[in-house]
Amino acid sequence: MIYLDHNATTPLDPRVLDAMMPFLTDRFGNAASRHHSLGCDAATATETAREQVASTIGADPRESVWTSGATESDNLALQGVFGSPVYKKRHLITVATEHRAVLDTCEVLQRQGAQVTFLPVDTDGRLDLDRLVSAMTDETLLVSVMHANNETGVVHPIAEIGKRCRARGVLFHTDATQSFAKEPIDVNAMHIDLLSASAHKIHGPKGVGLLYVRRRDPRVRCQALLHGGGHERGLRSGTLNVPGIVGMGHAATLPFDTGIEALRDRLEQGLLTTLNRVQVNGGRARRLTTTTNLSFDGVDGATLMKRMPDLAVSSSSACTSALLQPSYVLGAMGCNEERTRGSVRFSLGRFNTVDEIDAAIAMVADAVTTLRQRGDDQRGVTRS
Ligand SMILES: *Cc1c(COP(=O)(O)O)cnc(C)c1O
């Protein structure tokens, strides 16, 4: 199996597993039970991990909250800020291509009376900054724009966005799940007030994530979603997932990109030169070094994937493909139905090799050629 679906999830790095293993066995203490050495040991381990993730984004360790993953972090950021009695403003601005964890939460807030603006993107998935600024009103409490898109890899200029939010006194949340520990992030230089990340997208374990919440200039007020014991400074109660947290901390310290961009370019160029009628979705935008989203004219993405059982890719976001609906992200980029249906996302990780990429190119080229031929034959039959 050649695995090119890392934006859905990544395999655990063996070094991360090594760091976690003691906390799955002998060092099993509860980080809240600090009256004995096992609990203290667990607490110390989670604080070390907190320093590791905080330093990845230039934050203070006290500003990070452990969660169960980026879905919870997005929920806590948006619902937590809008649920805080301190804030009276009721307008939120986000983008049509955000992850479902943000969009669905926005819909919940809408039902609770918030006003939400969903900004459009251009044909390469880019946001118009002037449009963002003109959408801001005196009622705007929060802007939520993801750093890198999970389907296309398109990177939004979050430093520019943060600067504009700060100038207008608007809070800025970014879902950085696909860029955390891959792209450089500095929450202070970029004026980020809240940031979501997840361990399993960076060769860490599933079920653990992070929400960065700014403590000063400005101090962000956030209401808890989970109550019961007041862990995480009251922001997220519940016994800490110590092995997972240790894993996320360790994963954040490992350099993610070790020649992945060269492999991604090799894959993209290989397919563009072997096949005709292939389009790169978001090709003119700045993109993550790990991701390419291609549309193969005259081919159905799901059918194509079925012809390549030894190649793990995605025909849409893994979270939405369960619903079998065409990608709303490509739809927002103005792709017509055919281009959307023919799209395949290839996302690379730390352990992919040149040989795998070359084999993947051959598999895709072969399958696309066969399916196109078959389509031509069928059209020939119905015509005669
Ligand atoms: C994967 C992903 C999520 C969800 O993260 P989980 O940790 O699986 O809940 C949210 N946002 C983006 C951009 C993602 O890629």
# chains A, B, ... in the order shown; residues from 1 in each chain; ligands from 1

$ select_by_dssp --residues "region 228-318 of chain A" --states "strand (DSSP E or B)" --output "PyMOL selection string"
chain A and resi 278-280+287+291-296+311-312+314

$ residues_around --residues "Glu51 (chain A)" --least-positions-apart "6" --cutoff "12 Å" --atoms "only C-alpha atoms" --output "list in words"
Thr44, Ala45, Ile57, Gly58, Ala59, Asp60, Pro61, Arg62, Glu63, Ser64, Val65, Ile245, Val246, Met248, Gly249, His250, Ala252 and Thr253 of chain A

$ write_last_selection --atoms "all heavy atoms" --output "compact mmCIF listing (two decimals), in the first residue's frame"
# COMPACT_ATOMS: atom_id res chain seq x y z
N THR A 44 4.46 16.65 35.24
CA THR A 44 5.69 17.21 34.67
C THR A 44 5.78 16.91 33.17
O THR A 44 6.17 17.77 32.37
CB THR A 44 6.92 16.62 35.40
OG1 THR A 44 6.75 16.84 36.80
CG2 THR A 44 8.21 17.25 34.93
N ALA A 45 5.40 15.68 32.81
CA ALA A 45 5.47 15.29 31.39
C ALA A 45 4.53 16.14 30.53
O ALA A 45 4.90 16.56 29.42
CB ALA A 45 5.13 13.82 31.24
N ILE A 57 4.97 27.63 18.23
CA ILE A 57 4.19 28.76 17.71
C ILE A 57 4.53 30.07 18.42
O ILE A 57 3.79 31.05 18.32
CB ILE A 57 2.66 28.48 17.80
CG1 ILE A 57 2.25 28.13 19.25
CG2 ILE A 57 2.26 27.36 16.85
CD1 ILE A 57 0.73 28.01 19.45
N GLY A 58 5.64 30.09 19.16
CA GLY A 58 6.07 31.32 19.83
C GLY A 58 5.15 31.76 20.94
O GLY A 58 5.01 32.96 21.21
N ALA A 59 4.49 30.81 21.60
CA ALA A 59 3.52 31.16 22.64
C ALA A 59 4.09 30.89 24.03
O ALA A 59 5.14 30.27 24.18
CB ALA A 59 2.24 30.34 22.45
N ASP A 60 3.38 31.36 25.04
CA ASP A 60 3.69 31.04 26.43
C ASP A 60 3.00 29.70 26.73
O ASP A 60 1.86 29.51 26.33
CB ASP A 60 3.11 32.16 27.32
CG ASP A 60 3.49 31.97 28.78
OD1 ASP A 60 3.07 30.97 29.38
OD2 ASP A 60 4.21 32.84 29.31
N PRO A 61 3.69 28.78 27.43
CA PRO A 61 3.06 27.47 27.71
C PRO A 61 1.70 27.60 28.41
O PRO A 61 0.82 26.77 28.19
CB PRO A 61 4.06 26.77 28.62
CG PRO A 61 5.37 27.44 28.35
CD PRO A 61 5.08 28.84 27.92
N ARG A 62 1.52 28.65 29.20
CA ARG A 62 0.25 28.82 29.91
C ARG A 62 -0.91 29.15 28.98
O ARG A 62 -2.06 29.20 29.40
CB ARG A 62 0.39 29.92 30.97
CG ARG A 62 1.25 29.52 32.16
CD ARG A 62 1.56 30.71 33.01
NE ARG A 62 2.31 31.74 32.28
CZ ARG A 62 2.65 32.93 32.76
NH1 ARG A 62 2.30 33.27 33.99
NH2 ARG A 62 3.34 33.78 32.03
N GLU A 63 -0.60 29.44 27.72
CA GLU A 63 -1.65 29.80 26.77
C GLU A 63 -2.17 28.61 25.96
O GLU A 63 -2.98 28.79 25.06
CB GLU A 63 -1.11 30.86 25.79
CG GLU A 63 -0.73 32.15 26.49
CD GLU A 63 -0.09 33.16 25.55
OE1 GLU A 63 0.94 32.84 24.93
OE2 GLU A 63 -0.60 34.29 25.45
N SER A 64 -1.69 27.39 26.29
CA SER A 64 -2.14 26.25 25.49
C SER A 64 -3.06 25.35 26.31
O SER A 64 -2.81 25.07 27.47
CB SER A 64 -0.95 25.48 24.94
OG SER A 64 -0.10 25.12 25.99
N VAL A 65 -4.14 24.92 25.69
CA VAL A 65 -5.14 24.06 26.31
C VAL A 65 -5.15 22.74 25.56
O VAL A 65 -5.26 22.72 24.33
CB VAL A 65 -6.54 24.72 26.21
CG1 VAL A 65 -7.61 23.81 26.82
CG2 VAL A 65 -6.54 26.08 26.88
N ILE A 245 -0.61 13.43 24.96
CA ILE A 245 -0.03 14.77 25.10
C ILE A 245 1.49 14.72 24.95
O ILE A 245 2.10 15.53 24.25
CB ILE A 245 -0.46 15.38 26.45
CG1 ILE A 245 -1.95 15.73 26.40
CG2 ILE A 245 0.39 16.57 26.83
CD1 ILE A 245 -2.60 16.02 27.75
N VAL A 246 2.10 13.71 25.59
CA VAL A 246 3.55 13.53 25.45
C VAL A 246 3.89 13.30 23.98
O VAL A 246 4.86 13.85 23.44
CB VAL A 246 4.03 12.34 26.33
CG1 VAL A 246 5.46 11.94 25.98
CG2 VAL A 246 3.90 12.69 27.81
N MET A 248 2.15 14.34 21.32
CA MET A 248 1.98 15.57 20.53
C MET A 248 3.16 16.51 20.75
O MET A 248 3.67 17.11 19.80
CB MET A 248 0.68 16.28 20.88
CG MET A 248 0.47 17.54 20.04
SD MET A 248 -1.22 18.15 20.06
CE MET A 248 -1.11 19.42 18.78
N GLY A 249 3.61 16.62 22.00
CA GLY A 249 4.75 17.48 22.30
C GLY A 249 5.98 17.03 21.53
O GLY A 249 6.68 17.83 20.90
N HIS A 250 6.21 15.71 21.54
CA HIS A 250 7.39 15.18 20.85
C HIS A 250 7.26 15.35 19.34
O HIS A 250 8.22 15.73 18.66
CB HIS A 250 7.60 13.71 21.22
CG HIS A 250 8.99 13.25 20.94
ND1 HIS A 250 10.06 13.59 21.74
CD2 HIS A 250 9.50 12.51 19.93
CE1 HIS A 250 11.16 13.07 21.23
NE2 HIS A 250 10.85 12.41 20.14
N ALA A 252 5.75 17.61 17.75
CA ALA A 252 5.92 19.01 17.37
C ALA A 252 7.40 19.40 17.25
O ALA A 252 7.73 20.36 16.55
CB ALA A 252 5.21 19.92 18.38
N THR A 253 8.27 18.66 17.93
CA THR A 253 9.70 19.02 17.90
C THR A 253 10.42 18.41 16.70
O THR A 253 11.55 18.80 16.40
CB THR A 253 10.43 18.53 19.16
OG1 THR A 253 10.40 17.09 19.18
CG2 THR A 253 9.80 19.08 20.43

$ residues_around --residues "region 335-337 of chain A" --least-positions-apart "4" --cutoff "10 Å" --atoms "only C-alpha atoms" --output "list of chain:residue names"
A:Thr123, A:Asp124, A:Asn281, A:Ser295, A:Pro326, A:Ser327, A:Tyr328, A:Val329, A:Leu330, A:Gly331, A:Arg341, A:Gly342, A:Ser343

$ write_last_selection --atoms "N, CA, C and O atoms" --output "PDB file, in the first residue's frame"
ATOM      1  N   THR A 123     -10.753  31.518  -7.850  1.00  0.00           N
ATOM      2  CA  THR A 123     -10.686  30.197  -8.489  1.00  0.00           C
ATOM      3  C   THR A 123      -9.466  29.386  -8.026  1.00  0.00           C
ATOM      4  O   THR A 123      -9.385  28.193  -8.309  1.00  0.00           O
ATOM      5  N   ASP A 124      -8.521  30.041  -7.331  1.00  0.00           N
ATOM      6  CA  ASP A 124      -7.400  29.299  -6.760  1.00  0.00           C
ATOM      7  C   ASP A 124      -7.512  29.170  -5.247  1.00  0.00           C
ATOM      8  O   ASP A 124      -6.530  28.835  -4.574  1.00  0.00           O
ATOM      9  N   ASN A 281      -5.667  22.082  -8.847  1.00  0.00           N
ATOM     10  CA  ASN A 281      -6.607  22.934  -8.120  1.00  0.00           C
ATOM     11  C   ASN A 281      -5.860  23.765  -7.081  1.00  0.00           C
ATOM     12  O   ASN A 281      -5.165  23.219  -6.228  1.00  0.00           O
ATOM     13  N   SER A 295      -7.325  17.555 -10.894  1.00  0.00           N
ATOM     14  CA  SER A 295      -8.560  17.121 -11.549  1.00  0.00           C
ATOM     15  C   SER A 295      -8.203  16.478 -12.880  1.00  0.00           C
ATOM     16  O   SER A 295      -7.491  17.077 -13.701  1.00  0.00           O
ATOM     17  N   PRO A 326     -20.084  16.019  -3.574  1.00  0.00           N
ATOM     18  CA  PRO A 326     -18.915  16.645  -4.189  1.00  0.00           C
ATOM     19  C   PRO A 326     -18.348  17.720  -3.272  1.00  0.00           C
ATOM     20  O   PRO A 326     -19.078  18.326  -2.502  1.00  0.00           O
ATOM     21  N   SER A 327     -17.046  17.916  -3.379  1.00  0.00           N
ATOM     22  CA  SER A 327     -16.347  18.819  -2.471  1.00  0.00           C
ATOM     23  C   SER A 327     -16.888  20.243  -2.495  1.00  0.00           C
ATOM     24  O   SER A 327     -16.922  20.887  -3.544  1.00  0.00           O
ATOM     25  N   TYR A 328     -17.305  20.749  -1.330  1.00  0.00           N
ATOM     26  CA  TYR A 328     -17.752  22.145  -1.260  1.00  0.00           C
ATOM     27  C   TYR A 328     -16.573  23.098  -1.387  1.00  0.00           C
ATOM     28  O   TYR A 328     -16.746  24.251  -1.769  1.00  0.00           O
ATOM     29  N   VAL A 329     -15.367  22.607  -1.077  1.00  0.00           N
ATOM     30  CA  VAL A 329     -14.187  23.467  -1.196  1.00  0.00           C
ATOM     31  C   VAL A 329     -13.926  23.791  -2.666  1.00  0.00           C
ATOM     32  O   VAL A 329     -13.769  24.962  -3.043  1.00  0.00           O
ATOM     33  N   LEU A 330     -13.909  22.758  -3.513  1.00  0.00           N
ATOM     34  CA  LEU A 330     -13.697  23.001  -4.942  1.00  0.00           C
ATOM     35  C   LEU A 330     -14.891  23.764  -5.522  1.00  0.00           C
ATOM     36  O   LEU A 330     -14.723  24.609  -6.406  1.00  0.00           O
ATOM     37  N   GLY A 331     -16.085  23.485  -5.011  1.00  0.00           N
ATOM     38  CA  GLY A 331     -17.273  24.217  -5.446  1.00  0.00           C
ATOM     39  C   GLY A 331     -17.121  25.707  -5.184  1.00  0.00           C
ATOM     40  O   GLY A 331     -17.417  26.539  -6.048  1.00  0.00           O
ATOM     41  N   ARG A 341     -15.774  16.423  -9.665  1.00  0.00           N
ATOM     42  CA  ARG A 341     -15.895  14.961  -9.609  1.00  0.00           C
ATOM     43  C   ARG A 341     -14.589  14.273  -9.984  1.00  0.00           C
ATOM     44  O   ARG A 341     -14.266  13.206  -9.473  1.00  0.00           O
ATOM     45  N   GLY A 342     -13.819  14.889 -10.862  1.00  0.00           N
ATOM     46  CA  GLY A 342     -12.565  14.283 -11.314  1.00  0.00           C
ATOM     47  C   GLY A 342     -11.372  14.617 -10.447  1.00  0.00           C
ATOM     48  O   GLY A 342     -10.231  14.376 -10.836  1.00  0.00           O
ATOM     49  N   SER A 343     -11.618  15.153  -9.259  1.00  0.00           N
ATOM     50  CA  SER A 343     -10.490  15.612  -8.440  1.00  0.00           C
ATOM     51  C   SER A 343      -9.990  14.528  -7.486  1.00  0.00           C
ATOM     52  O   SER A 343     -10.775  13.723  -6.982  1.00  0.00           O
TER      53      SER A 343
END

$ closest_residue --among "A:Glu98, A:Asp13, A:Asp193, A:Glu47" --to "ligand 1" --atoms "only C-alpha atoms and all ligand atoms"
A:Glu98

$ closest_residue --among "A:Ala285, A:Ala176, A:Leu141, A:Met305" --to "Gly83 (chain A)" --atoms "only C-alpha atoms"
A:Leu141

$ residues_near_ligand --ligand "ligand 1" --cutoff "6 Å" --atoms "only C-alpha atoms and all ligand atoms" --output "short mmCIF file (atom, residue, chain, number, x, y, z; two decimals) with N, CA and C atoms, in the first residue's frame"
data_model
loop_
_atom_site.label_atom_id
_atom_site.label_comp_id
_atom_site.auth_asym_id
_atom_site.auth_seq_id
_atom_site.Cartn_x
_atom_site.Cartn_y
_atom_site.Cartn_z
N ALA A 8 -5.51 13.41 5.82
CA ALA A 8 -6.58 12.77 6.60
C ALA A 8 -6.03 12.29 7.94
N GLY A 69 -8.57 17.00 20.02
CA GLY A 69 -8.24 17.12 18.60
C GLY A 69 -8.70 18.46 18.08
N ALA A 70 -8.44 18.70 16.80
CA ALA A 70 -8.73 20.02 16.24
C ALA A 70 -10.23 20.30 16.15
N THR A 71 -11.05 19.25 16.00
CA THR A 71 -12.49 19.48 15.97
C THR A 71 -12.95 20.12 17.28
N HIS A 99 -12.73 24.11 7.20
CA HIS A 99 -13.05 22.72 7.57
C HIS A 99 -14.45 22.68 8.18
N ALA A 101 -15.41 21.42 10.82
CA ALA A 101 -15.41 21.68 12.26
C ALA A 101 -15.68 23.16 12.55
N ASN A 149 -5.45 24.99 3.76
CA ASN A 149 -6.65 24.20 3.48
C ASN A 149 -6.31 22.71 3.37
N ASN A 150 -7.15 21.88 4.00
CA ASN A 150 -6.88 20.45 4.03
C ASN A 150 -7.09 19.76 2.68
N ASP A 175 -7.48 27.98 12.23
CA ASP A 175 -7.38 26.52 12.27
C ASP A 175 -6.08 26.18 11.54
N THR A 177 -4.43 23.30 11.71
CA THR A 177 -4.23 21.85 11.81
C THR A 177 -3.28 21.32 10.74
N GLN A 178 -3.38 21.85 9.52
CA GLN A 178 -2.54 21.33 8.44
C GLN A 178 -1.16 21.99 8.37
N SER A 198 -3.71 19.66 15.80
CA SER A 198 -4.02 18.28 16.11
C SER A 198 -2.78 17.42 15.95
#

$ residues_around --residues "region 201-208 of chain A" --least-positions-apart "6" --cutoff "7 Å" --atoms "only C-alpha atoms" --output "tab-separated table (two decimals) with N, CA and C atoms, in the first residue's frame"
chain	number	residue	atom	x	y	z
A	6	HIS	N	-2.04	11.80	3.79
A	6	HIS	CA	-1.59	12.31	5.09
A	6	HIS	C	-2.40	13.49	5.61
A	7	ASN	N	-3.18	14.17	4.73
A	7	ASN	CA	-4.01	15.25	5.27
A	7	ASN	C	-5.21	14.70	6.02
A	9	THR	N	-4.92	11.59	7.88
A	9	THR	CA	-4.20	11.23	9.10
A	9	THR	C	-2.83	10.70	8.72
A	10	THR	N	-1.91	10.66	9.69
A	10	THR	CA	-0.54	10.23	9.41
A	10	THR	C	-0.19	9.03	10.29
A	11	PRO	N	0.75	8.18	9.83
A	11	PRO	CA	1.22	7.12	10.72
A	11	PRO	C	2.05	7.71	11.86
A	12	LEU	N	2.01	7.05	13.00
A	12	LEU	CA	2.79	7.49	14.15
A	12	LEU	C	4.29	7.36	13.83
A	13	ASP	N	5.05	8.42	14.12
A	13	ASP	CA	6.51	8.34	13.98
A	13	ASP	C	7.03	7.43	15.09
A	16	VAL	N	8.04	9.05	18.18
A	16	VAL	CA	6.93	9.53	19.00
A	16	VAL	C	6.40	8.39	19.86
A	67	THR	N	-6.77	19.42	24.17
A	67	THR	CA	-8.11	18.99	23.77
A	67	THR	C	-8.02	17.58	23.18
A	68	SER	N	-9.15	17.10	22.65
A	68	SER	CA	-9.18	15.77	22.04
A	68	SER	C	-8.83	15.81	20.56
A	69	GLY	N	-8.57	17.00	20.02
A	69	GLY	CA	-8.24	17.12	18.60
A	69	GLY	C	-8.70	18.46	18.08
A	178	GLN	N	-3.38	21.85	9.52
A	178	GLN	CA	-2.54	21.33	8.44
A	178	GLN	C	-1.16	21.99	8.37
A	244	GLY	N	-0.92	10.65	25.02
A	244	GLY	CA	-1.21	11.41	23.80
A	244	GLY	C	-0.55	12.77	23.82
A	245	ILE	N	-0.61	13.43	24.96
A	245	ILE	CA	-0.03	14.77	25.10
A	245	ILE	C	1.49	14.72	24.95
A	247	GLY	N	3.05	12.52	23.29
A	247	GLY	CA	3.26	12.25	21.86
A	247	GLY	C	3.14	13.51	21.02
A	248	MET	N	2.15	14.34	21.32
A	248	MET	CA	1.98	15.57	20.53
A	248	MET	C	3.16	16.51	20.75
A	251	ALA	N	6.05	15.07	18.81
A	251	ALA	CA	5.83	15.20	17.36
A	251	ALA	C	6.10	16.63	16.89

$ residues_around --residues "Leu194 (chain A)" --least-positions-apart "6" --cutoff "6 Å" --atoms "only C-alpha atoms" --output "PyMOL selection string"
chain A and resi 173+212-213

$ write_last_selection --atoms "N, CA and C atoms" --output "mmCIF file, in the first residue's frame"
data_model
loop_
_atom_site.group_PDB
_atom_site.id
_atom_site.type_symbol
_atom_site.label_atom_id
_atom_site.label_comp_id
_atom_site.auth_asym_id
_atom_site.auth_seq_id
_atom_site.Cartn_x
_atom_site.Cartn_y
_atom_site.Cartn_z
ATOM 1 N N HIS A 173 -9.020 33.909 15.096
ATOM 2 C CA HIS A 173 -8.781 32.469 15.292
ATOM 3 C C HIS A 173 -8.309 31.865 13.981
ATOM 4 N N TYR A 212 -4.591 27.130 21.332
ATOM 5 C CA TYR A 212 -3.857 28.253 21.892
ATOM 6 C C TYR A 212 -4.870 29.363 22.164
ATOM 7 N N VAL A 213 -4.817 29.912 23.388
ATOM 8 C CA VAL A 213 -5.707 31.021 23.761
ATOM 9 C C VAL A 213 -4.845 32.146 24.334
#

$ select_by_dssp --residues "region 53-106 of chain A" --states "helix (DSSP H, G or I)" --output "PyMOL selection string"
chain A and resi 53-56+61-63+70-83+100-106

$ closest_residue --among "A:Asp5, A:Glu139, A:Asp122, A:Glu356" --to "Thr292 (chain A)" --atoms "only C-alpha atoms"
A:Asp5

$ atom_distance --atom1 "CA of Val299 (chain A)" --atom2 "CA of Thr353 (chain A)"
26.9 Å

$ decode --residues "region 213-246 of chain A" --atoms "N, CA and C atoms" --output "compact mmCIF listing (two decimals), in the first residue's frame"
# COMPACT_ATOMS: atom_id res chain seq x y z
N VAL A 213 -4.82 29.91 23.39
CA VAL A 213 -5.71 31.02 23.76
C VAL A 213 -4.84 32.15 24.33
N ARG A 214 -4.81 33.28 23.66
CA ARG A 214 -3.97 34.41 24.08
C ARG A 214 -4.33 34.90 25.48
N ARG A 215 -3.30 35.13 26.30
CA ARG A 215 -3.52 35.56 27.68
C ARG A 215 -3.44 37.07 27.88
N ARG A 216 -2.72 37.73 27.01
CA ARG A 216 -2.62 39.19 27.19
C ARG A 216 -2.41 39.91 25.85
N ASP A 217 -2.88 41.16 25.84
CA ASP A 217 -2.77 42.06 24.66
C ASP A 217 -3.35 41.48 23.41
N PRO A 218 -4.61 41.17 23.35
CA PRO A 218 -5.61 41.22 24.42
C PRO A 218 -5.72 39.86 25.12
N ARG A 219 -6.28 39.89 26.33
CA ARG A 219 -6.61 38.65 27.03
C ARG A 219 -7.92 38.12 26.44
N VAL A 220 -7.88 36.91 25.89
CA VAL A 220 -9.07 36.33 25.26
C VAL A 220 -9.92 35.64 26.31
N ARG A 221 -11.20 35.96 26.32
CA ARG A 221 -12.14 35.32 27.24
C ARG A 221 -12.82 34.18 26.52
N CYS A 222 -12.79 33.01 27.14
CA CYS A 222 -13.31 31.82 26.49
C CYS A 222 -14.07 31.01 27.53
N GLN A 223 -15.28 30.62 27.18
CA GLN A 223 -16.13 29.85 28.08
C GLN A 223 -15.89 28.36 27.83
N ALA A 224 -15.78 27.56 28.90
CA ALA A 224 -15.56 26.12 28.72
C ALA A 224 -16.76 25.44 28.09
N LEU A 225 -16.50 24.35 27.35
CA LEU A 225 -17.58 23.50 26.83
C LEU A 225 -17.78 22.30 27.75
N LEU A 226 -16.67 21.83 28.35
CA LEU A 226 -16.71 20.67 29.25
C LEU A 226 -16.45 21.13 30.67
N HIS A 227 -17.31 20.71 31.59
CA HIS A 227 -17.20 21.10 32.99
C HIS A 227 -16.97 19.87 33.85
N GLY A 228 -16.23 20.04 34.96
CA GLY A 228 -16.04 18.91 35.86
C GLY A 228 -14.63 18.80 36.38
N GLY A 229 -14.25 19.70 37.29
CA GLY A 229 -12.95 19.59 37.93
C GLY A 229 -12.04 20.77 37.67
N GLY A 230 -12.34 21.52 36.61
CA GLY A 230 -11.59 22.74 36.35
C GLY A 230 -10.17 22.53 35.86
N HIS A 231 -9.90 21.41 35.18
CA HIS A 231 -8.57 21.21 34.60
C HIS A 231 -8.33 22.26 33.51
N GLU A 232 -7.07 22.41 33.14
CA GLU A 232 -6.70 23.35 32.07
C GLU A 232 -7.23 24.76 32.36
N ARG A 233 -6.97 25.24 33.56
CA ARG A 233 -7.39 26.57 34.01
C ARG A 233 -8.88 26.79 33.77
N GLY A 234 -9.66 25.73 33.98
CA GLY A 234 -11.11 25.85 33.88
C GLY A 234 -11.63 25.80 32.46
N LEU A 235 -10.72 25.77 31.46
CA LEU A 235 -11.15 25.83 30.06
C LEU A 235 -11.55 24.47 29.50
N ARG A 236 -11.05 23.38 30.13
CA ARG A 236 -11.34 22.06 29.56
C ARG A 236 -11.14 21.01 30.63
N SER A 237 -12.24 20.66 31.31
CA SER A 237 -12.15 19.68 32.38
C SER A 237 -12.00 18.27 31.81
N GLY A 238 -11.48 17.39 32.64
CA GLY A 238 -11.30 15.99 32.25
C GLY A 238 -9.86 15.58 32.45
N THR A 239 -9.66 14.31 32.84
CA THR A 239 -8.32 13.78 33.05
C THR A 239 -7.50 13.89 31.77
N LEU A 240 -6.30 14.40 31.89
CA LEU A 240 -5.47 14.60 30.70
C LEU A 240 -5.04 13.26 30.09
N ASN A 241 -5.03 13.23 28.75
CA ASN A 241 -4.56 12.09 27.97
C ASN A 241 -3.02 12.15 27.95
N VAL A 242 -2.40 11.71 29.04
CA VAL A 242 -0.96 11.93 29.22
C VAL A 242 -0.12 11.32 28.09
N PRO A 243 -0.32 10.04 27.71
CA PRO A 243 0.51 9.51 26.61
C PRO A 243 0.31 10.29 25.31
N GLY A 244 -0.92 10.65 25.02
CA GLY A 244 -1.21 11.41 23.80
C GLY A 244 -0.55 12.77 23.82
N ILE A 245 -0.61 13.43 24.96
CA ILE A 245 -0.03 14.77 25.10
C ILE A 245 1.49 14.72 24.95
N VAL A 246 2.10 13.71 25.59
CA VAL A 246 3.55 13.53 25.45
C VAL A 246 3.89 13.30 23.98
